[in-house]
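Undergrad: Take a look at this one; I'll ask things after.
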Amino acid sequence: MAEQKYFNPQTIKKFASQPYKATGNRRGYGFDKPQLPQHKYGPCSEKASRESFGHTGFTGTLVWVDPKYDLVFIFLSNRIHPDAANKLLISNDVRTQLQNAVYDIVLGAGPV
């Protein structure tokens with residue numbers, strides 16, 4: 001089967017760049033990026049490479065792509081059940097802990 005390309009690599013590179021990094025803004029044109037070093041909390045694992053990018057959703061979903069490690073992490077959830085006041089995903093840091101476990105396995109730190 002021939003290799004399929006769905007996105008132009010230059011488009012992804014542009015969308016995943018950090019044009020406002022010098023102003024303290026971590027976001028890219030089309031995707032979120034890892035937290036900048038001077039900030040404590042971010043949208044992804046601290047083990048994610050600087051090249052990584054992704055998106056978090058209001059309902060708690062997360063998709064994160066890390067080209068350095070050839071990794072795609074997808075977390076599907078319904079944080080707003082039974083209502084939007086539900087903050088368990090955030091207060092228990094579920095997404096980051098799961099992503100840390102995946103990075104530990106991928107980077108050879110062993111099972112969690």
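The chains in the structure tokens are called A, B, ... from first to last as shown; in each chain the residues are counted from 1, and the ligands are counted from 1 in the order shown.
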Please, which residues of stretch 18-99 of chain A, numbered as in this document, come out strand (DSSP E) from DSSP, as a list of chain:residue names?

TA: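 These are the residues in question: A:Phe53, A:Gly54, A:His55, A:Thr56, A:Leu62, A:Val63, A:Trp64, A:Val65, A:Asp66, A:Leu71, A:Val72, A:Phe73, A:Ile74, A:Phe75.
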
Undergrad: At a cut-off of 8 Å, using only C-alpha atoms, what residues contact stretch 70-77 of chain A? Leave out same-chain residues fewer than 3 positions from it and give the result as a compact mmCIF listing (two decimals) with N, CA and C atoms, in the first residue's frame.

TA:
```txt
# COMPACT_ATOMS: atom_id res chain seq x y z
N THR A 59 -14.50 19.53 27.14
CA THR A 59 -15.03 18.35 27.83
C THR A 59 -13.93 17.47 28.42
N GLY A 60 -12.68 17.95 28.39
CA GLY A 60 -11.58 17.20 29.00
C GLY A 60 -10.77 16.39 28.02
N THR A 61 -11.14 16.42 26.75
CA THR A 61 -10.39 15.66 25.76
C THR A 61 -9.01 16.27 25.55
N LEU A 62 -8.10 15.47 25.06
CA LEU A 62 -6.74 15.93 24.77
C LEU A 62 -6.19 15.11 23.62
N VAL A 63 -5.61 15.79 22.65
CA VAL A 63 -4.82 15.11 21.62
C VAL A 63 -3.46 15.80 21.63
N TRP A 64 -2.40 15.00 21.68
CA TRP A 64 -1.05 15.56 21.74
C TRP A 64 -0.15 14.75 20.82
N VAL A 65 0.58 15.44 19.97
CA VAL A 65 1.47 14.82 18.99
C VAL A 65 2.90 15.21 19.34
N ASP A 66 3.77 14.21 19.43
CA ASP A 66 5.17 14.47 19.73
C ASP A 66 6.04 13.85 18.65
N PRO A 67 6.41 14.65 17.64
CA PRO A 67 7.22 14.13 16.54
C PRO A 67 8.57 13.57 16.98
N ARG A 95 -5.21 13.66 33.02
CA ARG A 95 -4.59 13.65 31.69
C ARG A 95 -3.07 13.66 31.77
N GLN A 99 -0.53 10.71 30.61
CA GLN A 99 0.47 11.03 29.60
C GLN A 99 1.88 10.77 30.14
```

Undergrad: Could you name the residues that touch A:Glu51 at 12 Å or less, counting only C-alpha atoms, but leaving out those on the same chain fewer than 4 positions away, as a list in words?

TA: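 So the residues in contact are Ile12, Lys13, Lys14, Phe15, Ala16, Ser17, Gln18, Arg26, Gly28, Phe31, Asp32, Lys33, Pro34, Gln35, Lys47, Trp64, Val65, Asp66, Pro67, Lys68, Tyr69, Asp70 and Leu71 of chain A.
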